>>> print(open('input11.cif').read())   # mmCIF, C-alpha atoms
data_input
#
loop_
_atom_site.label_atom_id
_atom_site.label_comp_id
_atom_site.auth_asym_id
_atom_site.auth_seq_id
_atom_site.Cartn_x
_atom_site.Cartn_y
_atom_site.Cartn_z
CA MET A 12 -31.74 9.57 -12.14
CA LEU A 13 -34.83 8.85 -14.25
CA SER A 14 -36.94 8.13 -11.18
CA LEU A 15 -35.67 11.35 -9.57
CA LEU A 16 -36.65 13.43 -12.61
CA LEU A 17 -40.04 11.68 -12.78
CA SER A 18 -40.68 12.36 -9.10
CA ARG A 19 -39.72 16.00 -9.53
CA SER A 20 -41.93 16.35 -12.62
CA LEU A 21 -44.88 14.94 -10.73
CA ARG A 22 -44.27 17.42 -7.89
CA LEU A 23 -44.26 20.34 -10.33
CA VAL A 24 -47.40 19.05 -12.05
CA LYS A 25 -49.11 18.68 -8.68
CA LEU A 26 -48.09 22.17 -7.61
CA ALA A 27 -49.24 23.64 -10.93
CA THR A 28 -52.55 21.76 -10.70
CA VAL A 29 -53.20 23.16 -7.24
CA ARG A 30 -52.52 26.67 -8.52
CA SER A 31 -54.82 26.25 -11.52
CA SER A 32 -57.64 25.30 -9.11
CA LEU A 33 -57.29 28.39 -6.97
CA LEU A 34 -60.92 29.04 -6.24
CA LEU A 35 -62.14 25.49 -5.73
CA SER A 36 -61.31 25.26 -2.03
CA LEU A 37 -60.25 27.66 0.70
CA SER A 38 -58.72 26.93 4.09
CA ASN A 39 -58.89 29.13 7.16
CA GLY A 40 -55.84 30.65 8.78
CA PHE A 41 -52.16 30.34 8.09
CA SER A 42 -50.53 27.09 9.15
CA THR A 43 -46.82 26.44 9.32
CA SER A 44 -44.49 24.69 11.72
CA SER A 45 -41.59 26.92 10.70
CA LEU A 46 -40.43 30.08 12.45
CA GLN A 47 -41.13 31.83 9.17
CA THR A 48 -44.06 31.91 6.81
CA PRO A 49 -43.39 30.30 3.43
CA PRO A 50 -43.21 32.62 0.41
CA CYS A 51 -46.69 33.41 -0.86
CA SER A 52 -48.62 35.11 -3.63
CA ILE A 53 -51.33 37.69 -3.02
CA LEU A 54 -54.50 36.50 -4.74
CA ARG A 55 -57.31 38.81 -3.65
CA ALA A 56 -59.36 40.01 -0.69
CA GLU A 57 -62.81 38.64 0.12
CA PRO A 58 -65.09 41.61 1.05
CA CYS A 59 -66.21 41.48 4.67
CA GLY A 60 -67.68 44.96 5.22
CA GLU A 61 -66.47 48.52 5.89
CA ASP A 62 -64.31 48.58 2.74
CA LEU A 63 -62.25 45.72 4.15
CA GLY A 64 -61.60 42.21 2.91
CA LYS A 65 -60.06 39.01 4.23
CA LEU A 66 -56.68 38.43 2.61
CA ILE A 67 -56.41 35.34 0.40
CA ILE A 68 -52.94 34.02 -0.34
CA LEU A 69 -51.35 31.05 -2.09
CA THR A 70 -48.18 29.73 -0.49
CA ALA A 71 -45.21 28.38 -2.42
CA THR A 72 -46.00 25.00 -0.89
CA GLY A 73 -49.38 24.94 -2.64
CA GLU A 74 -51.67 25.91 0.25
CA LEU A 75 -54.55 28.26 -0.48
CA ASN A 76 -55.42 30.22 2.65
CA THR A 77 -58.12 32.72 3.55
CA LEU A 78 -56.64 34.60 6.47
CA ASP A 79 -58.48 36.27 9.31
CA LYS A 80 -56.37 39.32 8.49
CA LYS A 81 -58.46 42.19 7.07
CA VAL A 82 -56.99 44.57 4.52
CA PRO A 83 -58.28 47.71 2.75
CA LEU A 84 -60.05 46.67 -0.45
CA GLU A 85 -58.55 49.67 -2.24
CA LEU A 86 -55.23 47.82 -2.27
CA MET A 87 -56.82 45.44 -4.78
CA LYS A 88 -57.62 48.24 -7.21
CA GLU A 89 -55.46 49.02 -10.21
CA MET A 90 -53.11 52.00 -10.05
CA VAL A 91 -53.21 52.21 -6.24
CA THR A 92 -50.21 50.06 -5.38
CA ILE A 93 -46.94 50.72 -7.22
CA GLY A 94 -44.68 47.98 -5.91
CA SER A 95 -43.63 45.87 -2.96
CA SER A 96 -40.44 44.94 -1.14
CA HIS A 97 -39.80 42.68 1.85
CA GLY A 98 -43.56 42.36 2.45
CA TRP A 99 -44.18 46.13 2.43
CA VAL A 100 -46.49 47.40 -0.29
CA ALA A 101 -46.09 50.92 -1.68
CA THR A 102 -49.04 53.09 -2.65
CA LEU A 103 -49.22 56.34 -4.58
CA LYS A 104 -52.41 58.39 -4.70
CA ASN A 105 -53.32 61.74 -6.20
CA ASP A 106 -51.63 63.63 -3.35
CA GLY A 107 -48.23 62.62 -4.70
CA ILE A 108 -47.19 60.89 -1.46
CA VAL A 109 -45.69 57.40 -1.53
CA ARG A 110 -46.75 55.36 1.50
CA LEU A 111 -45.27 52.08 2.69
CA GLN A 112 -47.82 49.73 4.27
CA ASP A 113 -47.62 46.29 5.86
CA ASP A 114 -51.29 45.44 5.12
CA LEU A 115 -50.44 42.67 2.63
CA ASN A 116 -47.85 41.08 4.89
CA PRO A 117 -49.51 37.85 6.13
CA ALA A 118 -47.50 37.94 9.38
CA ALA A 119 -48.30 41.57 10.24
CA SER A 120 -51.18 42.53 12.52
CA ASP A 121 -54.29 44.16 11.09
CA LEU A 122 -55.13 45.62 14.51
CA ASP A 123 -52.28 48.11 14.28
CA PRO A 124 -51.32 48.37 10.59
CA LYS A 125 -48.24 50.41 9.76
CA ARG A 126 -48.55 53.14 7.12
CA ILE A 127 -45.37 55.16 6.64
CA PRO A 128 -45.61 58.28 4.46
CA LEU A 129 -42.49 59.23 2.54
CA PRO A 130 -41.51 62.82 1.67
CA PRO A 131 -43.47 64.56 -1.11
CA LEU A 132 -42.15 63.55 -4.51
CA VAL A 133 -40.08 66.02 -6.48
CA THR A 134 -40.17 65.63 -10.25
CA LEU A 135 -36.94 66.39 -12.09
CA PRO A 136 -37.18 68.51 -15.26
CA HIS A 137 -38.31 66.46 -18.27
CA CYS A 138 -39.17 63.51 -16.02
CA GLN A 139 -42.43 62.14 -14.59
CA THR A 140 -43.38 60.69 -11.20
CA GLN A 141 -46.84 59.26 -11.90
CA VAL A 142 -45.90 55.94 -13.54
CA VAL A 143 -43.66 53.74 -11.39
CA THR A 144 -41.61 50.77 -12.56
CA ASN A 145 -41.10 49.28 -9.10
CA VAL A 146 -39.89 49.83 -5.52
CA ALA A 147 -36.89 48.36 -3.69
CA MET A 148 -35.53 48.59 -0.14
CA SER A 149 -32.06 48.08 1.33
CA SER A 150 -33.37 46.29 4.45
CA SER A 151 -36.44 44.39 5.58
CA SER A 152 -38.14 47.36 7.26
CA PRO A 153 -38.37 51.07 6.41
CA GLU A 154 -38.27 51.67 10.17
CA ASP A 155 -34.62 50.57 10.27
CA GLU A 156 -32.34 53.57 10.77
CA ASP A 157 -30.18 52.77 7.75
CA CYS A 158 -32.95 51.61 5.41
CA VAL A 159 -32.94 53.28 1.99
CA VAL A 160 -36.03 53.12 -0.21
CA ALA A 161 -35.69 53.36 -3.98
CA VAL A 162 -38.53 54.27 -6.32
CA LYS A 163 -37.82 53.67 -10.00
CA PHE A 164 -40.06 55.70 -12.30
CA LEU A 165 -40.67 54.90 -15.93
CA GLY A 166 -38.10 57.07 -17.68
CA PRO A 167 -34.91 58.66 -16.36
CA GLN A 168 -35.75 59.34 -12.71
CA LEU A 169 -34.62 57.21 -9.75
CA SER A 170 -35.44 58.53 -6.28
CA LEU A 171 -33.88 57.42 -2.97
CA CYS A 172 -34.70 58.33 0.62
CA ARG A 173 -34.18 57.18 4.24
CA PRO A 174 -37.67 56.96 5.81
CA ALA A 175 -36.44 56.58 9.40
CA HIS A 176 -34.51 59.87 9.36
CA SER A 177 -36.40 62.78 10.91
CA ASN A 178 -35.32 65.13 8.11
CA SER A 179 -35.83 62.59 5.36
CA GLU A 180 -35.98 63.92 1.81
CA TRP A 181 -35.64 62.46 -1.65
CA THR A 182 -32.34 62.25 -3.45
CA ASN A 183 -33.37 62.42 -7.10
CA ILE A 184 -31.08 60.90 -9.70
CA ARG A 185 -31.32 61.48 -13.43
CA ILE A 186 -30.33 58.33 -15.34
CA GLU A 187 -28.59 59.21 -18.58
CA ASN A 188 -28.54 55.88 -20.42
CA GLN A 189 -31.94 55.15 -21.95
CA CYS A 190 -31.48 51.37 -21.68
CA PHE A 191 -32.32 51.68 -17.95
CA TYR A 192 -35.53 53.70 -18.40
CA SER A 193 -38.04 50.82 -18.28
CA SER A 194 -36.10 48.30 -16.16
CA PRO A 195 -36.80 47.42 -12.51
CA VAL A 196 -34.46 48.28 -9.64
CA MET A 197 -33.23 45.88 -6.94
CA PHE A 198 -30.95 46.25 -3.93
CA SER A 199 -27.75 44.23 -3.80
CA LYS A 200 -26.75 43.54 -0.22
CA LYS A 201 -23.47 42.13 -1.52
CA ASP A 202 -22.56 45.39 -3.25
CA GLY A 203 -24.51 47.75 -0.99
CA MET A 204 -25.99 49.43 -4.07
CA PHE A 205 -29.21 49.67 -6.04
CA ARG A 206 -28.79 47.90 -9.39
CA ILE A 207 -30.76 48.11 -12.63
CA PRO A 208 -30.34 45.73 -15.60
CA GLY A 209 -30.35 47.50 -18.93
CA SER A 210 -32.92 46.66 -21.59
CA GLY A 211 -31.29 44.13 -23.91
CA GLY A 212 -29.31 42.65 -21.05
CA HIS A 213 -25.78 43.85 -21.83
CA LEU A 214 -25.35 46.46 -19.08
CA ILE A 215 -26.03 46.71 -15.35
CA GLY A 216 -26.01 50.12 -13.67
CA SER A 217 -25.48 50.58 -9.93
CA TRP A 218 -26.31 53.65 -7.81
CA ASP A 219 -26.00 54.62 -4.14
CA LEU A 220 -26.19 57.74 -1.97
CA HIS A 221 -22.44 58.24 -2.01
CA LYS A 222 -19.87 58.33 -4.80
CA HIS A 223 -22.14 56.58 -7.30
CA LYS A 224 -25.04 58.98 -6.88
CA ASN A 225 -24.33 61.01 -10.00
CA LYS A 226 -21.91 58.66 -11.74
CA PRO A 227 -23.21 55.09 -11.70
CA LYS A 228 -21.02 52.03 -11.66
CA ILE A 229 -21.52 50.29 -15.02
CA GLN A 230 -20.91 46.59 -15.54
CA ARG A 231 -20.81 45.06 -19.04
CA LEU A 232 -22.02 41.49 -19.34
CA ARG A 233 -20.43 38.70 -21.39
CA PHE A 234 -22.85 35.84 -21.98
CA LYS A 235 -21.34 32.36 -21.90
CA ASN A 236 -22.44 28.75 -22.25
CA LEU A 237 -25.45 29.80 -24.31
CA PRO A 238 -27.72 26.88 -25.27
CA GLU A 239 -28.06 25.75 -28.85
CA LEU A 240 -31.59 26.58 -29.93
CA THR A 241 -33.62 25.12 -32.74
CA LYS A 242 -34.84 27.43 -35.48
CA THR A 243 -38.37 27.16 -34.10
CA LYS A 244 -37.23 28.08 -30.58
CA ARG A 245 -35.18 31.05 -31.86
CA GLU A 246 -38.14 32.35 -33.84
CA LEU A 247 -40.38 31.99 -30.79
CA LEU A 248 -37.99 33.91 -28.53
CA HIS A 249 -37.53 36.65 -31.12
CA SER A 250 -41.30 37.10 -31.30
CA CYS A 251 -41.61 37.62 -27.54
CA CYS A 252 -41.42 40.66 -25.31
CA THR A 253 -38.33 40.30 -23.12
CA SER A 254 -37.80 41.56 -19.59
CA GLN A 255 -34.61 41.41 -17.54
CA HIS A 256 -34.37 40.86 -13.79
CA LEU A 257 -31.58 40.74 -11.24
CA VAL A 258 -32.00 38.61 -8.13
CA GLU A 259 -29.57 37.91 -5.33
CA SER A 260 -29.40 34.85 -3.10
CA ARG A 261 -28.51 35.96 0.42
CA THR A 262 -27.83 32.36 1.52
CA THR A 263 -25.39 31.38 -1.25
CA ASP A 264 -24.04 34.87 -2.09
CA GLU A 265 -24.91 34.34 -5.77
CA THR A 266 -26.39 36.80 -8.25
CA PHE A 267 -28.62 35.70 -11.10
CA PHE A 268 -29.66 37.49 -14.27
CA VAL A 269 -33.06 36.27 -15.47
CA LYS A 270 -34.57 36.81 -18.91
CA CYS A 271 -38.31 36.30 -19.23
CA TYR A 272 -39.90 35.84 -22.64
CA ARG A 273 -43.63 36.59 -22.83
CA LYS A 274 -46.04 36.76 -25.73
CA ALA A 275 -49.60 38.01 -26.18
CA THR A 276 -52.25 35.31 -26.47
CA SER A 277 -53.72 34.92 -29.94
CA SER A 278 -57.35 34.33 -28.96
CA GLY A 279 -59.84 35.84 -26.55
CA ALA A 280 -58.87 38.76 -24.33
CA VAL A 281 -55.29 39.84 -24.97
CA LYS A 282 -53.08 38.60 -22.15
CA MET A 283 -49.36 38.05 -21.84
CA LYS A 284 -48.14 34.49 -21.33
CA THR A 285 -44.67 33.26 -20.42
CA LYS A 286 -43.04 31.22 -23.18
CA ALA A 287 -39.52 30.76 -21.82
CA VAL A 288 -37.12 31.75 -19.05
CA MET A 289 -33.33 31.83 -19.20
CA VAL A 290 -31.19 32.12 -16.07
CA PHE A 291 -27.55 33.27 -15.99
CA LYS A 292 -25.19 33.18 -13.03
CA LEU A 293 -23.19 36.42 -12.73
CA ASP A 294 -19.68 36.89 -11.38
CA GLU A 295 -17.83 40.06 -10.42
CA GLU A 296 -16.07 40.20 -13.82
CA GLY A 297 -19.37 40.45 -15.69
CA ASN A 298 -19.49 36.88 -16.95
CA ALA A 299 -23.10 35.73 -17.33
CA VAL A 300 -23.05 31.95 -17.53
CA TYR A 301 -26.24 30.23 -18.67
CA THR A 302 -27.41 27.61 -16.22
CA GLN A 303 -30.25 25.16 -15.73
CA ASP A 304 -29.15 24.42 -12.18
CA ILE A 305 -29.52 26.94 -9.37
CA GLY A 306 -29.30 24.17 -6.81
CA HIS A 307 -31.87 24.16 -4.02
CA LEU A 308 -32.90 27.76 -4.72
CA CYS A 309 -36.24 29.05 -5.93
CA ILE A 310 -36.46 32.46 -7.67
CA PHE A 311 -39.59 34.59 -7.27
CA LEU A 312 -40.42 37.24 -9.88
CA SER A 313 -43.45 39.52 -9.65
CA LYS A 314 -44.22 43.21 -9.28
CA SER A 315 -42.36 42.94 -5.96
CA GLU A 316 -38.61 43.27 -5.66
CA PRO A 317 -37.36 39.82 -6.78
CA PHE A 318 -35.93 37.40 -4.23
CA CYS A 319 -34.50 33.90 -3.77
CA VAL A 320 -35.47 31.32 -1.17
CA PRO A 321 -33.71 28.01 -0.38
CA ALA A 322 -36.33 25.34 -1.03
CA ASN A 323 -34.81 23.10 1.63
CA SER A 324 -35.56 25.72 4.30
CA ILE A 325 -39.32 25.21 4.01
CA SER A 326 -40.97 21.81 3.72
CA GLY A 327 -42.97 21.28 0.54
CA MET A 328 -41.16 23.73 -1.74
CA CYS A 329 -39.73 22.65 -5.09
CA PRO A 330 -36.06 23.55 -5.78
CA ASN A 331 -34.49 24.83 -8.99
CA ILE A 332 -37.57 26.68 -10.25
CA VAL A 333 -38.62 30.20 -11.16
CA GLU A 334 -42.07 31.35 -10.02
CA ILE A 335 -43.61 34.22 -11.98
CA LEU A 336 -46.60 36.36 -11.01
CA ASP A 337 -47.99 39.17 -13.15
CA VAL A 338 -51.29 40.98 -13.52
CA ASP A 339 -52.70 38.30 -15.84
CA GLU A 340 -50.63 35.18 -15.25
CA SER A 341 -48.98 32.87 -12.77
CA ALA A 342 -46.27 30.52 -14.03
CA ILE A 343 -43.86 27.92 -12.68
CA VAL A 344 -40.71 27.14 -14.66
CA GLY A 345 -38.66 24.04 -13.86
CA LEU A 346 -35.13 24.87 -14.97
CA ASP A 347 -33.50 21.44 -15.14
CA GLU A 348 -36.12 19.94 -17.45
CA SER A 349 -37.35 23.14 -19.10
CA SER A 350 -40.91 22.45 -17.91
CA LEU A 351 -43.31 25.40 -17.87
CA PHE A 352 -46.76 25.50 -16.28
CA SER A 353 -48.84 28.63 -16.76
CA TYR A 354 -52.41 29.68 -16.09
CA SER A 355 -54.32 32.90 -16.59
CA TYR A 356 -55.91 34.77 -13.70
CA THR A 357 -56.44 38.43 -12.87
CA PHE A 358 -54.18 39.52 -10.01
CA ARG A 359 -55.05 42.99 -8.69
CA ALA A 360 -52.00 42.96 -6.41
CA PRO A 361 -49.49 40.73 -8.25
CA TYR A 362 -46.93 40.44 -5.48
CA HIS A 363 -44.81 37.61 -4.15
CA ILE A 364 -44.20 38.08 -0.43
CA PRO A 365 -40.90 36.65 0.88
CA PRO A 366 -40.73 34.59 4.12
CA GLN A 367 -41.74 36.62 7.16
CA ASN A 368 -40.84 36.05 10.78
CA ILE A 369 -43.80 34.79 12.75
CA LEU A 370 -44.66 37.06 15.63
CA ASP A 371 -45.57 35.59 19.02
#
>>> encode(input="input11.cif", output="structure tokens")
Amino acid sequence: MLSLLLSRSLRLVKLATVRSSLLLSLSNGFSTSSLQTPPCSILRAEPCGEDLGKLIILTATGELNTLDKKVPLELMKEMVTIGSSHGWVATLKNDGIVRLQDDLNPAASDLDPKRIPLPPLVTLPHCQTQVVTNVAMSSSSPEDEDCVVAVKFLGPQLSLCRPAHSNSEWTNIRIENQCFYSSPVMFSKKDGMFRIPGSGGHLIGSWDLHKHKNKPKIQRLRFKNLPELTKTKRELLHSCCTSQHLVESRTTDETFFVKCYRKATSSGAVKMKTKAVMVFKLDEEGNAVYTQDIGHLCIFLSKSEPFCVPANSISGMCPNIVEILDVDESAIVGLDESSLFSYSYTFRAPYHIPPQNILD
């Protein structure tokens, strides 16, 4: 067991070291023997003329790749992209139109990029539609007939639409409970609903386009098997900013509730840094059981809709970890040994991209 833990620790250290040396070496192209690309992080775009840049990504297996794929450089500017889901990035400009684009999808062609405009946004009274929390989708492509796109705005408004319908329009929902105002939305395939964890972590609200459009399904959580923390650890967690995330494993049919604890750095430019992560396994009764073992899974949290990937499905991935990507940090958290590796970097498009099918 000791040798196994040591081997795993060395793998995490190696992976973290590679990520902290992002700009030291670049490789050309995207290499994989799998039928899918490994999960990856969007780093930046190297300018190559005509307001375009070559996409640079870091895979979950530790490979830094400069792709031949060219993307609009404007996607690397702040306040242009508002979220991502299933490899589709959402943009919102001054015209008030949300567009779904596949430009940042490593497996999508740059010769015929897809840009799908959604209906003009409608702002509910006493709400705003300029600042977006995140975007989620019910299926892997907005071109699917049944795909529903959700845009969660900061505040009480949640908007849903079906992009593939010819008469598509927004269904605007006013959220009453303020604990959901700043939280991200995700789609649960298991429940067939869009779910939002409440700030503080005691409630989960679920909405759909049917009977739970105006009256959400509310689930109350009961936390169990909480770890015993030292006084120092408790004080550290209490001093942090906390965010809550829901993520669903499609392969194991499990749902996880993740709490991220981040704190502002005390020197230099003010940046947020991850200090701890706690993962809870949820059941249908609302029991949230603390765990340090999510098996062979890897959880990816970023400004994208969160997702899980089985590490044993792609060679070179580490299991039982949480990977975090934000505008000023990338972090890897090993759950079984509470190891945390973090480094600071400016990410203009802080998105994890889930595995994508490789096109012939």
>>> closest_residue(input="input11.cif", among="A:Ser313, A:Arg185, A:Met204, A:Asp339", to="His137 (chain A)", atoms="only C-alpha atoms")
A:Arg185
>>> closest_residue(input="input11.cif", among="A:Cys319, A:Tyr356, A:Pro208, A:Asp304", to="Ala280 (chain A)", atoms="only C-alpha atoms")
A:Tyr356
>>> resolve_selection(input="input11.cif", expression="the PyMOL selection byres ((chain A and resi 221-230) around 12)", output="PyMOL selection string")
chain A and resi 168-171+182-188+191+202-209+212-220+231-233+293-299
>>> resolve_selection(input="input11.cif", expression="the PyMOL selection byres ((chain A and resi 354) around 7)", output="JSON, numbers by chain")
{"A": [31, 340, 341, 342, 353, 355, 356]}
>>> resolve_selection(input="input11.cif", expression="the PyMOL selection byres ((chain A and resi 97) around 9)", output="list in words")
Ser95, Ser96, Gly98, Trp99, Val100, Asn116, Ala147, Met148, Ser150, Ser151, Ser152, Ser315, Glu316, Phe318, Ile364, Pro365, Pro366 and Gln367 of chain A
>>> write_last_selection(input="input11.cif", atoms="C-alpha atoms", output="PDB file, in the coordinates of the input")
ATOM      1  CA  SER A  95     -43.630  45.870  -2.960  1.00  0.00           C
ATOM      2  CA  SER A  96     -40.440  44.940  -1.140  1.00  0.00           C
ATOM      3  CA  GLY A  98     -43.560  42.360   2.450  1.00  0.00           C
ATOM      4  CA  TRP A  99     -44.180  46.130   2.430  1.00  0.00           C
ATOM      5  CA  VAL A 100     -46.490  47.400  -0.290  1.00  0.00           C
ATOM      6  CA  ASN A 116     -47.850  41.080   4.890  1.00  0.00           C
ATOM      7  CA  ALA A 147     -36.890  48.360  -3.690  1.00  0.00           C
ATOM      8  CA  MET A 148     -35.530  48.590  -0.140  1.00  0.00           C
ATOM      9  CA  SER A 150     -33.370  46.290   4.450  1.00  0.00           C
ATOM     10  CA  SER A 151     -36.440  44.390   5.580  1.00  0.00           C
ATOM     11  CA  SER A 152     -38.140  47.360   7.260  1.00  0.00           C
ATOM     12  CA  SER A 315     -42.360  42.940  -5.960  1.00  0.00           C
ATOM     13  CA  GLU A 316     -38.610  43.270  -5.660  1.00  0.00           C
ATOM     14  CA  PHE A 318     -35.930  37.400  -4.230  1.00  0.00           C
ATOM     15  CA  ILE A 364     -44.200  38.080  -0.430  1.00  0.00           C
ATOM     16  CA  PRO A 365     -40.900  36.650   0.880  1.00  0.00           C
ATOM     17  CA  PRO A 366     -40.730  34.590   4.120  1.00  0.00           C
ATOM     18  CA  GLN A 367     -41.740  36.620   7.160  1.00  0.00           C
TER      19      GLN A 367
END
>>> residues_around(input="input11.cif", residues="Ile93 (chain A)", least_positions_apart="4", cutoff="7 Å", atoms="all atoms listed in the file", output="PDB file with C-alpha atoms, in the frame of the given file")
ATOM      1  CA  ALA A 101     -46.090  50.920  -1.680  1.00  0.00           C
ATOM      2  CA  THR A 102     -49.040  53.090  -2.650  1.00  0.00           C
ATOM      3  CA  LEU A 103     -49.220  56.340  -4.580  1.00  0.00           C
ATOM      4  CA  VAL A 143     -43.660  53.740 -11.390  1.00  0.00           C
ATOM      5  CA  ASN A 145     -41.100  49.280  -9.100  1.00  0.00           C
TER       6      ASN A 145
END
>>> closest_residue(input="input11.cif", among="A:Thr70, A:Pro130, A:Lys65, A:Lys284", to="Ile325 (chain A)", atoms="all atoms listed in the file")
A:Thr70
>>> closest_residue(input="input11.cif", among="A:Thr48, A:Thr276, A:Thr285, A:Thr302", to="Ala71 (chain A)", atoms="all atoms listed in the file")
A:Thr48
>>> atom_distance(input="input11.cif", atom1="CA of Gln112 (chain A)", atom2="CA of Ile127 (chain A)")
6.4 Å
>>> atom_distance(input="input11.cif", atom1="CA of Asp114 (chain A)", atom2="CA of Leu132 (chain A)")
22.5 Å
>>> decode(input="input11.cif", residues="region 255-269 of chain A", atoms="N, CA and C atoms", output="PDB file, in the first residue's frame")
ATOM      1  N   GLN A 255     -19.716  26.195  -4.450  1.00  0.00           N
ATOM      2  CA  GLN A 255     -20.314  24.861  -4.486  1.00  0.00           C
ATOM      3  C   GLN A 255     -20.550  24.446  -5.930  1.00  0.00           C
ATOM      4  N   HIS A 256     -20.306  23.168  -6.208  1.00  0.00           N
ATOM      5  CA  HIS A 256     -20.444  22.651  -7.569  1.00  0.00           C
ATOM      6  C   HIS A 256     -21.089  21.270  -7.536  1.00  0.00           C
ATOM      7  N   LEU A 257     -21.960  21.035  -8.500  1.00  0.00           N
ATOM      8  CA  LEU A 257     -22.538  19.706  -8.701  1.00  0.00           C
ATOM      9  C   LEU A 257     -21.933  19.110  -9.958  1.00  0.00           C
ATOM     10  N   VAL A 258     -21.563  17.844  -9.890  1.00  0.00           N
ATOM     11  CA  VAL A 258     -21.024  17.168 -11.070  1.00  0.00           C
ATOM     12  C   VAL A 258     -21.533  15.733 -11.080  1.00  0.00           C
ATOM     13  N   GLU A 259     -21.858  15.270 -12.270  1.00  0.00           N
ATOM     14  CA  GLU A 259     -22.474  13.952 -12.424  1.00  0.00           C
ATOM     15  C   GLU A 259     -21.560  13.049 -13.250  1.00  0.00           C
ATOM     16  N   SER A 260     -21.375  11.833 -12.787  1.00  0.00           N
ATOM     17  CA  SER A 260     -20.615  10.841 -13.546  1.00  0.00           C
ATOM     18  C   SER A 260     -21.589  10.021 -14.384  1.00  0.00           C
ATOM     19  N   ARG A 261     -21.472  10.156 -15.703  1.00  0.00           N
ATOM     20  CA  ARG A 261     -22.369   9.420 -16.598  1.00  0.00           C
ATOM     21  C   ARG A 261     -22.034   7.927 -16.612  1.00  0.00           C
ATOM     22  N   THR A 262     -20.782   7.577 -16.308  1.00  0.00           N
ATOM     23  CA  THR A 262     -20.364   6.171 -16.385  1.00  0.00           C
ATOM     24  C   THR A 262     -20.736   5.379 -15.141  1.00  0.00           C
ATOM     25  N   THR A 263     -20.760   6.033 -13.981  1.00  0.00           N
ATOM     26  CA  THR A 263     -21.077   5.316 -12.735  1.00  0.00           C
ATOM     27  C   THR A 263     -22.437   5.707 -12.166  1.00  0.00           C
ATOM     28  N   ASP A 264     -23.109   6.682 -12.798  1.00  0.00           N
ATOM     29  CA  ASP A 264     -24.425   7.140 -12.350  1.00  0.00           C
ATOM     30  C   ASP A 264     -24.369   7.731 -10.945  1.00  0.00           C
ATOM     31  N   GLU A 265     -23.255   8.379 -10.614  1.00  0.00           N
ATOM     32  CA  GLU A 265     -23.087   9.001  -9.303  1.00  0.00           C
ATOM     33  C   GLU A 265     -23.138  10.520  -9.441  1.00  0.00           C
ATOM     34  N   THR A 266     -23.576  11.169  -8.369  1.00  0.00           N
ATOM     35  CA  THR A 266     -23.589  12.629  -8.318  1.00  0.00           C
ATOM     36  C   THR A 266     -22.728  13.081  -7.156  1.00  0.00           C
ATOM     37  N   PHE A 267     -21.879  14.069  -7.409  1.00  0.00           N
ATOM     38  CA  PHE A 267     -20.983  14.577  -6.380  1.00  0.00           C
ATOM     39  C   PHE A 267     -21.237  16.059  -6.135  1.00  0.00           C
ATOM     40  N   PHE A 268     -21.140  16.422  -4.882  1.00  0.00           N
ATOM     41  CA  PHE A 268     -21.236  17.815  -4.448  1.00  0.00           C
ATOM     42  C   PHE A 268     -19.829  18.222  -4.007  1.00  0.00           C
ATOM     43  N   VAL A 269     -19.286  19.254  -4.656  1.00  0.00           N
ATOM     44  CA  VAL A 269     -17.901  19.645  -4.395  1.00  0.00           C
ATOM     45  C   VAL A 269     -17.869  21.048  -3.797  1.00  0.00           C
TER      46      VAL A 269
END
